[in-house]
Amino acid sequence: MTDKKTVLLPNKFRDPYTFEDVINLADTIVRDADCLDLSRISFIEPYSMLSFLLLGKMYLLKRGIKLKLIRIPLAIHQYLSRMDFFKTEIFETADSLNEKMMLKRSSLSKTIIEIVEIPNKERESVKVITGVIELFRKRASFILKHWFSDNLVDYFVTVISELCQNIFEHSLESGYLSMQTYSLNNEKIFRLVISDSGIGIVKSFELNKEIQFDSPAKLIEMALTTPISSKREYGYGLCQVNSIIERLNGMIYIRSDNASLSTLYNKTRSGSYIFYKNSLSPFSGTQISISLTA
Amino acid sequence: MVAEISKLTKEIKHRGPDLITRPVGRRMYAKIRDKMKNISAHEVLLLDFEGIRVIDSSFIDELIVRLIIDSWKSDPIFYVKLKNISIIAEINIDSVFKSFSQYNKNEIAVITDGIRQNNSFYIGALSKVEREVIEYLRINRNTSVHDIGVFIGMNDEEVSLLSDTLFRRRLLRIYNDHISSV
């Protein structure tokens, strides 16, 4: 804390694992903070960005006012503006970015899908998902240019569709989608993120007494690998996503409430590739990150 | 009867090459059932997916699975067959069928117009001998219990039981004591 009401955020927006340090501050932020100081942040990827957005949403819901962001580094401000982060109107900013400083929306920056809100109502959601998929098909050759696999675009259309539908089918809250291909430490990373602040996986299965599980992380694994559903007799969505990502040697990270599961299909040859975490700091809803590396 | 899904997609006011979500599947189901009002007994309903890239599990559940279940119990009897299925659509259909079979203890499969990734003409789970029958019928479109028995090495009674099972699943036709392919 730089003073009583300003929280200085750590530079931990690089991936879902480092972002846990920000989630650990969530309670303090929602309870005590008036401002967040972003001056230390040098990099943000889509998972951290959407989770940060959810944190702002929780703040808005609990406090009834927008959380103020101060001392945003120029590159971060430009990136967040380019991703339509501020269009969500969840946060308040001390300074607005001069239009001349904004990143251009040219064909060269088509390696992203800007933040899209996925409504929790079926009818509206179908329209939005259809629109996202149309946009993805238009930009897919830019977004996925480092990866070559037959039917890759079709696979990801299935993944987007299945994950977005889970929001209106199960979470009871709206959610967000974003996507980007970026470079980090000489590695190309494609990341698709779909996150919501809804009831989470454990709560959505609370009424289904037939589903028994040892820990929340194990339940996440069951949802990913067996055709169970909290709403119907059986479900297909997450299972289908899992089999596609396995086929593509990708990675799936799912965090729900206080547990997470990482499935690293790119590491299957090195032994352990599934990692469970329970007893994380509580964070509402379900956040999913799908990644490919090259 | 042929249902050209691409044309029907426009009729249900959906756009793009992807058929996704339950509401879209429900609208397509209603559209096709409406067109099936005058379907004849033992007619094949050919769902032609030309121009369609992705069909997701929700859409499959609301359209293909429902039509197949209808065909099992419907009067008149009809058969479902799929044409021009993309690779991803086939993977998704197969996955939905596996889940369906696991939870309903009722095997589900569908005949296809072209050869699929399993090197045969169906999607779903069939035993080795069931597959042999389907492939035999693919070449010899009309045949008898006895001829199938000679081909797969079973007696007439065993073949009758087997063909009855495949008929109940609408994977072959039995009409006027003749067995034929869908």
# chains A, B, ... in the order shown; residues from 1 in each chain; ligands from 1

$ residues_around --residues "region 79-83 of chain B" --least-positions-apart "2" --cutoff "7 Å" --atoms "only C-alpha atoms" --output "VMD selection string"
chain B and resid 42 to 49 68 71 85 110 to 114 170 182

$ select_by_dssp --residues "region 96-280 of chain A" --states "strand (DSSP E or B)" --output "PyMOL selection string"
chain A and resi 112-118+175-184+187-196+251-257+259-264+274-277

$ write_last_selection --atoms "N, CA and C atoms" --output "short mmCIF file (atom, residue, chain, number, x, y, z; two decimals), in the first residue's frame"
data_model
loop_
_atom_site.label_atom_id
_atom_site.label_comp_id
_atom_site.auth_asym_id
_atom_site.auth_seq_id
_atom_site.Cartn_x
_atom_site.Cartn_y
_atom_site.Cartn_z
N ILE A 112 -5.55 -10.14 -32.39
CA ILE A 112 -6.34 -10.11 -31.14
C ILE A 112 -7.84 -10.19 -31.44
N ILE A 113 -8.58 -10.59 -30.43
CA ILE A 113 -10.02 -10.32 -30.39
C ILE A 113 -10.21 -9.47 -29.14
N GLU A 114 -10.72 -8.28 -29.34
CA GLU A 114 -10.91 -7.37 -28.21
C GLU A 114 -11.92 -7.97 -27.21
N ILE A 115 -11.96 -7.41 -26.02
CA ILE A 115 -12.86 -7.92 -24.97
C ILE A 115 -14.31 -7.88 -25.45
N VAL A 116 -14.97 -9.00 -25.32
CA VAL A 116 -16.38 -9.08 -25.70
C VAL A 116 -17.16 -9.57 -24.47
N GLU A 117 -18.25 -8.91 -24.16
CA GLU A 117 -19.07 -9.38 -23.04
C GLU A 117 -20.02 -10.46 -23.54
N ILE A 118 -20.04 -11.59 -22.85
CA ILE A 118 -20.96 -12.69 -23.20
C ILE A 118 -22.13 -12.62 -22.22
N GLY A 175 -20.18 -12.93 -18.75
CA GLY A 175 -18.73 -13.15 -18.71
C GLY A 175 -18.05 -12.39 -19.82
N TYR A 176 -16.76 -12.63 -19.98
CA TYR A 176 -15.99 -11.94 -21.01
C TYR A 176 -15.12 -12.92 -21.78
N LEU A 177 -14.88 -12.56 -23.03
CA LEU A 177 -13.95 -13.34 -23.87
C LEU A 177 -12.90 -12.39 -24.42
N SER A 178 -11.70 -12.91 -24.55
CA SER A 178 -10.66 -12.16 -25.27
C SER A 178 -9.64 -13.16 -25.81
N MET A 179 -8.87 -12.70 -26.78
CA MET A 179 -7.95 -13.62 -27.44
C MET A 179 -6.77 -12.82 -27.98
N GLN A 180 -5.60 -13.41 -27.92
CA GLN A 180 -4.43 -12.71 -28.45
C GLN A 180 -3.29 -13.67 -28.74
N THR A 181 -2.52 -13.36 -29.77
CA THR A 181 -1.25 -14.03 -29.99
C THR A 181 -0.16 -13.01 -29.70
N TYR A 182 0.78 -13.38 -28.85
CA TYR A 182 1.84 -12.44 -28.47
C TYR A 182 3.16 -13.18 -28.27
N SER A 183 4.24 -12.41 -28.18
CA SER A 183 5.57 -13.00 -27.97
C SER A 183 6.01 -12.71 -26.54
N LEU A 184 6.61 -13.72 -25.92
CA LEU A 184 7.16 -13.54 -24.58
C LEU A 184 8.35 -14.48 -24.44
N GLU A 187 9.08 -16.85 -27.22
CA GLU A 187 8.04 -17.85 -27.44
C GLU A 187 6.80 -17.15 -27.98
N LYS A 188 6.16 -17.77 -28.97
CA LYS A 188 4.88 -17.24 -29.44
C LYS A 188 3.78 -17.93 -28.64
N ILE A 189 2.89 -17.13 -28.13
CA ILE A 189 1.80 -17.69 -27.30
C ILE A 189 0.47 -17.24 -27.88
N PHE A 190 -0.39 -18.22 -28.10
CA PHE A 190 -1.78 -17.91 -28.45
C PHE A 190 -2.60 -18.16 -27.19
N ARG A 191 -3.42 -17.19 -26.81
CA ARG A 191 -4.22 -17.39 -25.60
C ARG A 191 -5.66 -16.96 -25.83
N LEU A 192 -6.56 -17.89 -25.55
CA LEU A 192 -7.99 -17.61 -25.58
C LEU A 192 -8.47 -17.66 -24.14
N VAL A 193 -9.15 -16.61 -23.71
CA VAL A 193 -9.61 -16.56 -22.31
C VAL A 193 -11.10 -16.29 -22.26
N ILE A 194 -11.78 -17.09 -21.46
CA ILE A 194 -13.21 -16.89 -21.26
C ILE A 194 -13.45 -16.95 -19.76
N SER A 195 -13.93 -15.86 -19.21
CA SER A 195 -14.02 -15.76 -17.75
C SER A 195 -15.36 -15.18 -17.32
N ASP A 196 -15.83 -15.64 -16.18
CA ASP A 196 -17.06 -15.05 -15.64
C ASP A 196 -16.93 -14.95 -14.13
N MET A 251 -2.60 -26.14 -23.84
CA MET A 251 -2.69 -26.08 -22.37
C MET A 251 -4.05 -25.52 -21.97
N ILE A 252 -4.58 -26.08 -20.90
CA ILE A 252 -5.85 -25.58 -20.36
C ILE A 252 -5.61 -25.21 -18.90
N TYR A 253 -6.02 -24.02 -18.53
CA TYR A 253 -5.96 -23.62 -17.13
C TYR A 253 -7.38 -23.23 -16.73
N ILE A 254 -7.90 -23.86 -15.71
CA ILE A 254 -9.24 -23.51 -15.23
C ILE A 254 -9.14 -23.16 -13.75
N ARG A 255 -9.67 -22.00 -13.41
CA ARG A 255 -9.71 -21.60 -12.01
C ARG A 255 -11.16 -21.35 -11.65
N SER A 256 -11.60 -21.91 -10.55
CA SER A 256 -12.99 -21.68 -10.14
C SER A 256 -13.03 -21.56 -8.62
N ASP A 257 -13.51 -20.46 -8.13
CA ASP A 257 -13.58 -20.13 -6.71
C ASP A 257 -12.21 -20.22 -6.04
N ALA A 259 -10.02 -23.04 -6.37
CA ALA A 259 -9.25 -24.18 -6.88
C ALA A 259 -8.88 -23.95 -8.34
N SER A 260 -7.84 -24.65 -8.75
CA SER A 260 -7.47 -24.56 -10.17
C SER A 260 -6.94 -25.89 -10.67
N LEU A 261 -7.00 -26.02 -11.96
CA LEU A 261 -6.47 -27.21 -12.62
C LEU A 261 -5.69 -26.75 -13.85
N SER A 262 -4.46 -27.24 -13.97
CA SER A 262 -3.66 -26.96 -15.18
C SER A 262 -3.43 -28.27 -15.90
N THR A 263 -3.75 -28.29 -17.16
CA THR A 263 -3.53 -29.49 -17.97
C THR A 263 -2.61 -29.09 -19.11
N LEU A 264 -1.39 -29.60 -19.04
CA LEU A 264 -0.37 -29.17 -20.00
C LEU A 264 -0.11 -30.30 -21.00
N ILE A 274 -0.72 -32.83 -15.31
CA ILE A 274 -1.95 -32.28 -14.71
C ILE A 274 -1.60 -31.81 -13.29
N PHE A 275 -1.94 -30.58 -13.00
CA PHE A 275 -1.61 -30.01 -11.70
C PHE A 275 -2.87 -29.46 -11.03
N TYR A 276 -3.06 -29.87 -9.79
CA TYR A 276 -4.25 -29.47 -9.03
C TYR A 276 -3.85 -28.47 -7.95
N LYS A 277 -4.69 -27.47 -7.76
CA LYS A 277 -4.46 -26.58 -6.62
C LYS A 277 -5.77 -26.33 -5.92
#

$ interface_residues --of "chain B" --to "chain A" --cutoff "7 Å" --atoms "only C-alpha atoms" --output "list in words"
Ile20, Thr21, Arg53, Val54, Asp56, Ser57, Ile88, Val96, Ser99 and Tyr103 of chain B

$ write_last_selection --atoms "all heavy atoms" --output "compact mmCIF listing (two decimals), in the first residue's frame"
# COMPACT_ATOMS: atom_id res chain seq x y z
N ILE B 20 -24.11 -23.53 -34.34
CA ILE B 20 -23.73 -23.68 -32.94
C ILE B 20 -24.89 -23.25 -32.04
O ILE B 20 -25.73 -22.48 -32.47
CB ILE B 20 -22.48 -22.84 -32.60
CG1 ILE B 20 -22.69 -21.39 -33.05
CG2 ILE B 20 -21.24 -23.41 -33.28
CD1 ILE B 20 -21.62 -20.44 -32.58
N THR B 21 -24.88 -23.76 -30.86
CA THR B 21 -25.82 -23.48 -29.75
C THR B 21 -27.15 -24.25 -29.86
O THR B 21 -27.58 -24.61 -30.95
CB THR B 21 -26.15 -21.97 -29.55
OG1 THR B 21 -27.04 -21.55 -30.58
CG2 THR B 21 -24.91 -21.10 -29.49
N ARG B 53 -19.32 -25.77 -41.84
CA ARG B 53 -18.00 -26.14 -41.31
C ARG B 53 -18.14 -26.81 -39.94
O ARG B 53 -17.75 -27.94 -39.76
CB ARG B 53 -17.12 -24.88 -41.16
CG ARG B 53 -16.76 -24.18 -42.44
CD ARG B 53 -15.90 -25.04 -43.35
NE ARG B 53 -14.79 -25.65 -42.66
CZ ARG B 53 -14.13 -26.72 -43.10
NH1 ARG B 53 -14.48 -27.30 -44.22
NH2 ARG B 53 -13.13 -27.22 -42.40
N VAL B 54 -18.66 -26.06 -38.97
CA VAL B 54 -18.69 -26.59 -37.60
C VAL B 54 -20.12 -26.77 -37.14
O VAL B 54 -20.96 -25.89 -37.33
CB VAL B 54 -17.96 -25.61 -36.62
CG1 VAL B 54 -18.11 -26.08 -35.18
CG2 VAL B 54 -16.49 -25.49 -36.99
N ASP B 56 -21.65 -27.78 -33.40
CA ASP B 56 -21.15 -28.07 -32.05
C ASP B 56 -22.06 -29.05 -31.32
O ASP B 56 -23.12 -29.44 -31.82
CB ASP B 56 -20.93 -26.77 -31.26
CG ASP B 56 -22.21 -26.14 -30.77
OD1 ASP B 56 -23.30 -26.60 -31.13
OD2 ASP B 56 -22.12 -25.16 -30.00
N SER B 57 -21.61 -29.46 -30.14
CA SER B 57 -22.32 -30.53 -29.43
C SER B 57 -23.76 -30.15 -29.08
O SER B 57 -24.65 -31.00 -29.12
CB SER B 57 -21.55 -30.94 -28.18
OG SER B 57 -21.41 -29.85 -27.33
N ILE B 88 -14.36 -31.79 -38.33
CA ILE B 88 -14.66 -31.37 -36.95
C ILE B 88 -16.11 -31.73 -36.59
O ILE B 88 -16.38 -32.13 -35.46
CB ILE B 88 -14.39 -29.86 -36.74
CG1 ILE B 88 -14.58 -29.44 -35.28
CG2 ILE B 88 -15.24 -28.98 -37.62
CD1 ILE B 88 -13.57 -29.95 -34.32
N VAL B 96 -20.51 -36.67 -29.01
CA VAL B 96 -21.87 -36.59 -28.46
C VAL B 96 -22.48 -38.00 -28.38
O VAL B 96 -23.09 -38.37 -27.36
CB VAL B 96 -22.76 -35.66 -29.31
CG1 VAL B 96 -24.23 -35.77 -28.93
CG2 VAL B 96 -22.30 -34.21 -29.16
N SER B 99 -21.09 -39.90 -25.38
CA SER B 99 -21.69 -39.47 -24.11
C SER B 99 -23.12 -39.99 -24.00
O SER B 99 -23.54 -40.48 -22.95
CB SER B 99 -21.71 -37.94 -24.01
OG SER B 99 -20.42 -37.44 -24.11
N TYR B 103 -24.49 -42.63 -21.01
CA TYR B 103 -25.48 -42.26 -20.00
C TYR B 103 -26.85 -42.87 -20.23
O TYR B 103 -27.63 -43.02 -19.31
CB TYR B 103 -25.57 -40.73 -19.87
CG TYR B 103 -24.46 -40.23 -19.01
CD1 TYR B 103 -23.20 -39.99 -19.56
CD2 TYR B 103 -24.62 -40.07 -17.65
CE1 TYR B 103 -22.14 -39.56 -18.77
CE2 TYR B 103 -23.57 -39.65 -16.85
CZ TYR B 103 -22.33 -39.40 -17.41
OH TYR B 103 -21.28 -38.99 -16.62

$ residues_around --residues "Gln117 (chain B)" --least-positions-apart "2" --cutoff "12 Å" --atoms "only C-alpha atoms" --output "list in words"
Ile85, Ser86, Ile87, Ile88, Ala89, Glu90, Ile91, Asp94, Thr112, Gly114, Ile115, Asn119, Ser120, Phe121, Tyr122, Ile123 and Gly124 of chain B

$ atom_distance --atom1 "CA of Gln102 (chain B)" --atom2 "CA of Glu130 (chain B)"
18.7 Å

$ atom_distance --atom1 "CA of Ile65 (chain A)" --atom2 "CA of Glu45 (chain A)"
25.8 Å

$ residues_around --residues "Thr93 (chain A)" --least-positions-apart "3" --cutoff "9 Å" --atoms "only C-alpha atoms" --output "ChimeraX atom specification"
/A:67-70,72,86,96

$ atom_distance --atom1 "CA of Leu8 (chain A)" --atom2 "CA of Lys62 (chain A)"
20.6 Å

$ select_by_dssp --residues "region 105-166 of chain B" --states "alpha helix (DSSP H)" --output "number ranges by chain"
B: 128-139, 145-152, 156-166

$ write_last_selection --atoms "N, CA, C and O atoms" --output "compact mmCIF listing (two decimals), in the first residue's frame"
# COMPACT_ATOMS: atom_id res chain seq x y z
N LYS B 128 -17.90 -55.19 -34.22
CA LYS B 128 -17.20 -55.61 -35.45
C LYS B 128 -18.18 -56.26 -36.43
O LYS B 128 -18.18 -55.96 -37.63
N VAL B 129 -19.04 -57.11 -35.90
CA VAL B 129 -19.96 -57.83 -36.78
C VAL B 129 -21.05 -56.89 -37.34
O VAL B 129 -21.45 -57.01 -38.51
N GLU B 130 -21.47 -55.93 -36.51
CA GLU B 130 -22.45 -54.94 -36.99
C GLU B 130 -21.85 -54.11 -38.13
O GLU B 130 -22.49 -53.84 -39.14
N ARG B 131 -20.59 -53.76 -37.94
CA ARG B 131 -19.89 -53.00 -38.98
C ARG B 131 -19.80 -53.81 -40.28
O ARG B 131 -20.01 -53.26 -41.37
N GLU B 132 -19.52 -55.11 -40.14
CA GLU B 132 -19.43 -55.96 -41.34
C GLU B 132 -20.75 -55.97 -42.11
O GLU B 132 -20.77 -55.94 -43.34
N VAL B 133 -21.84 -56.01 -41.35
CA VAL B 133 -23.16 -56.02 -42.00
C VAL B 133 -23.40 -54.71 -42.75
O VAL B 133 -23.83 -54.71 -43.90
N ILE B 134 -23.08 -53.61 -42.09
CA ILE B 134 -23.27 -52.28 -42.73
C ILE B 134 -22.43 -52.20 -44.01
O ILE B 134 -22.90 -51.72 -45.05
N GLU B 135 -21.20 -52.67 -43.94
CA GLU B 135 -20.32 -52.59 -45.11
C GLU B 135 -20.79 -53.54 -46.22
O GLU B 135 -20.69 -53.22 -47.41
N TYR B 136 -21.29 -54.71 -45.83
CA TYR B 136 -21.83 -55.65 -46.82
C TYR B 136 -23.02 -55.03 -47.54
O TYR B 136 -23.13 -55.11 -48.78
N LEU B 137 -23.88 -54.38 -46.75
CA LEU B 137 -25.07 -53.75 -47.35
C LEU B 137 -24.71 -52.55 -48.23
O LEU B 137 -25.45 -52.21 -49.15
N ARG B 138 -23.61 -51.94 -47.93
CA ARG B 138 -23.16 -50.80 -48.72
C ARG B 138 -22.89 -51.26 -50.17
O ARG B 138 -23.16 -50.53 -51.12
N ILE B 139 -22.39 -52.48 -50.31
CA ILE B 139 -22.08 -53.00 -51.65
C ILE B 139 -23.29 -53.73 -52.24
O ILE B 139 -23.69 -53.50 -53.36
N VAL B 145 -31.41 -62.41 -45.26
CA VAL B 145 -30.78 -62.86 -44.02
C VAL B 145 -29.75 -63.94 -44.33
O VAL B 145 -28.63 -63.92 -43.82
N HIS B 146 -30.12 -64.85 -45.19
CA HIS B 146 -29.23 -65.96 -45.50
C HIS B 146 -27.93 -65.48 -46.13
O HIS B 146 -26.84 -65.93 -45.75
N ASP B 147 -28.03 -64.57 -47.10
CA ASP B 147 -26.81 -64.08 -47.78
C ASP B 147 -25.88 -63.35 -46.80
O ASP B 147 -24.66 -63.50 -46.88
N ILE B 148 -26.47 -62.59 -45.89
CA ILE B 148 -25.63 -61.91 -44.89
C ILE B 148 -24.93 -62.96 -44.03
O ILE B 148 -23.74 -62.87 -43.74
N GLY B 149 -25.70 -63.99 -43.65
CA GLY B 149 -25.15 -65.07 -42.82
C GLY B 149 -23.96 -65.75 -43.47
O GLY B 149 -22.95 -66.03 -42.82
N VAL B 150 -24.08 -65.99 -44.76
CA VAL B 150 -22.98 -66.63 -45.49
C VAL B 150 -21.74 -65.72 -45.44
O VAL B 150 -20.62 -66.18 -45.21
N PHE B 151 -21.96 -64.42 -45.58
CA PHE B 151 -20.83 -63.47 -45.62
C PHE B 151 -20.14 -63.36 -44.25
O PHE B 151 -18.91 -63.35 -44.17
N ILE B 152 -20.93 -63.29 -43.19
CA ILE B 152 -20.29 -63.04 -41.87
C ILE B 152 -20.13 -64.31 -41.03
O ILE B 152 -19.64 -64.25 -39.91
N ASP B 156 -28.94 -68.26 -39.80
CA ASP B 156 -30.04 -67.34 -40.11
C ASP B 156 -30.65 -66.71 -38.86
O ASP B 156 -31.01 -65.53 -38.86
N GLU B 157 -30.76 -67.54 -37.80
CA GLU B 157 -31.40 -67.03 -36.57
C GLU B 157 -30.56 -65.91 -35.95
O GLU B 157 -31.07 -64.87 -35.55
N GLU B 158 -29.24 -66.13 -35.94
CA GLU B 158 -28.33 -65.11 -35.37
C GLU B 158 -28.37 -63.83 -36.22
O GLU B 158 -28.39 -62.72 -35.69
N VAL B 159 -28.41 -64.02 -37.54
CA VAL B 159 -28.44 -62.84 -38.42
C VAL B 159 -29.75 -62.08 -38.25
O VAL B 159 -29.77 -60.84 -38.24
N SER B 160 -30.86 -62.84 -38.07
CA SER B 160 -32.15 -62.17 -37.87
C SER B 160 -32.12 -61.29 -36.62
O SER B 160 -32.60 -60.14 -36.63
N LEU B 161 -31.55 -61.83 -35.53
CA LEU B 161 -31.46 -61.05 -34.28
C LEU B 161 -30.60 -59.80 -34.48
O LEU B 161 -30.97 -58.70 -34.07
N LEU B 162 -29.48 -60.01 -35.16
CA LEU B 162 -28.56 -58.90 -35.42
C LEU B 162 -29.20 -57.83 -36.30
O LEU B 162 -29.12 -56.62 -36.00
N SER B 163 -29.86 -58.28 -37.35
CA SER B 163 -30.46 -57.30 -38.27
C SER B 163 -31.65 -56.58 -37.61
O SER B 163 -31.89 -55.40 -37.87
N ASP B 164 -32.35 -57.30 -36.71
CA ASP B 164 -33.43 -56.64 -35.97
C ASP B 164 -32.87 -55.51 -35.09
O ASP B 164 -33.47 -54.43 -35.00
N THR B 165 -31.74 -55.79 -34.44
CA THR B 165 -31.11 -54.77 -33.60
C THR B 165 -30.72 -53.57 -34.45
O THR B 165 -30.98 -52.41 -34.08
N LEU B 166 -30.09 -53.82 -35.58
CA LEU B 166 -29.66 -52.72 -36.45
C LEU B 166 -30.86 -51.98 -37.03
O LEU B 166 -30.81 -50.77 -37.22

$ residues_around --residues "Val65 (chain B)" --least-positions-apart "5" --cutoff "9 Å" --atoms "only C-alpha atoms" --output "PyMOL selection string"
chain B and resi 60+70+96-97+100+108

$ decode --residues "region 211-288 of chain A" --atoms "C-alpha atoms" --output "short mmCIF file (atom, residue, chain, number, x, y, z; two decimals), in the first residue's frame"
data_model
loop_
_atom_site.label_atom_id
_atom_site.label_comp_id
_atom_site.auth_asym_id
_atom_site.auth_seq_id
_atom_site.Cartn_x
_atom_site.Cartn_y
_atom_site.Cartn_z
CA ILE A 211 -21.51 -36.27 -8.46
CA GLN A 212 -19.01 -37.13 -5.74
CA PHE A 213 -15.58 -35.50 -5.59
CA ASP A 214 -12.56 -35.38 -3.28
CA SER A 215 -11.65 -31.74 -3.79
CA PRO A 216 -12.79 -28.76 -5.89
CA ALA A 217 -9.78 -29.23 -8.22
CA LYS A 218 -10.79 -32.87 -8.75
CA LEU A 219 -14.32 -31.74 -9.63
CA ILE A 220 -12.86 -29.36 -12.22
CA GLU A 221 -10.95 -32.33 -13.64
CA MET A 222 -14.14 -34.42 -13.74
CA ALA A 223 -15.97 -31.63 -15.58
CA LEU A 224 -13.09 -31.51 -18.06
CA THR A 225 -12.67 -35.21 -18.69
CA THR A 226 -16.08 -36.86 -18.21
CA PRO A 227 -19.39 -35.89 -19.78
CA ILE A 228 -21.02 -34.62 -16.58
CA SER A 229 -23.37 -31.67 -16.47
CA SER A 230 -24.84 -29.62 -13.66
CA LYS A 231 -27.96 -28.89 -15.68
CA ARG A 232 -28.65 -31.99 -17.74
CA GLU A 233 -28.26 -35.71 -17.35
CA TYR A 234 -24.91 -35.43 -19.10
CA GLY A 235 -22.86 -32.78 -20.87
CA TYR A 236 -20.39 -32.55 -23.68
CA GLY A 237 -18.89 -29.06 -23.70
CA LEU A 238 -15.78 -29.09 -21.52
CA CYS A 239 -15.00 -32.69 -22.50
CA GLN A 240 -15.03 -31.71 -26.12
CA VAL A 241 -12.76 -28.74 -25.43
CA ASN A 242 -10.37 -31.01 -23.54
CA SER A 243 -10.11 -33.56 -26.34
CA ILE A 244 -9.46 -30.81 -28.91
CA ILE A 245 -6.72 -29.17 -26.83
CA GLU A 246 -5.16 -32.58 -26.19
CA ARG A 247 -5.13 -33.17 -29.93
CA LEU A 248 -3.41 -29.78 -30.44
CA ASN A 249 -0.85 -30.32 -27.61
CA GLY A 250 -2.13 -27.15 -25.96
CA MET A 251 -2.69 -26.08 -22.37
CA ILE A 252 -5.85 -25.58 -20.36
CA TYR A 253 -5.96 -23.62 -17.13
CA ILE A 254 -9.24 -23.51 -15.23
CA ARG A 255 -9.71 -21.60 -12.01
CA SER A 256 -12.99 -21.68 -10.14
CA ASP A 257 -13.58 -20.13 -6.71
CA ASN A 258 -10.60 -21.39 -4.65
CA ALA A 259 -9.25 -24.18 -6.88
CA SER A 260 -7.47 -24.56 -10.17
CA LEU A 261 -6.47 -27.21 -12.62
CA SER A 262 -3.66 -26.96 -15.18
CA THR A 263 -3.53 -29.49 -17.97
CA LEU A 264 -0.37 -29.17 -20.00
CA TYR A 265 -0.72 -31.44 -23.02
CA ASN A 266 2.52 -29.98 -24.41
CA LYS A 267 4.34 -31.60 -21.47
CA THR A 268 2.87 -35.10 -21.60
CA ARG A 269 6.27 -36.59 -22.49
CA SER A 270 7.91 -35.17 -19.40
CA GLY A 271 5.68 -37.10 -16.98
CA SER A 272 3.28 -35.06 -14.86
CA TYR A 273 1.11 -32.79 -16.91
CA ILE A 274 -1.95 -32.28 -14.71
CA PHE A 275 -1.61 -30.01 -11.70
CA TYR A 276 -4.25 -29.47 -9.03
CA LYS A 277 -4.46 -26.58 -6.62
CA ASN A 278 -6.94 -26.25 -3.81
CA SER A 279 -7.10 -23.63 -1.04
CA LEU A 280 -6.29 -20.72 -3.32
CA SER A 281 -7.69 -17.32 -2.41
CA PRO A 282 -11.42 -17.28 -3.23
CA PHE A 283 -12.30 -15.54 -6.49
CA SER A 284 -15.86 -15.74 -7.81
CA GLY A 285 -16.77 -17.54 -11.01
CA THR A 286 -14.81 -19.57 -13.49
CA GLN A 287 -11.82 -18.36 -15.47
CA ILE A 288 -10.52 -20.44 -18.35
#
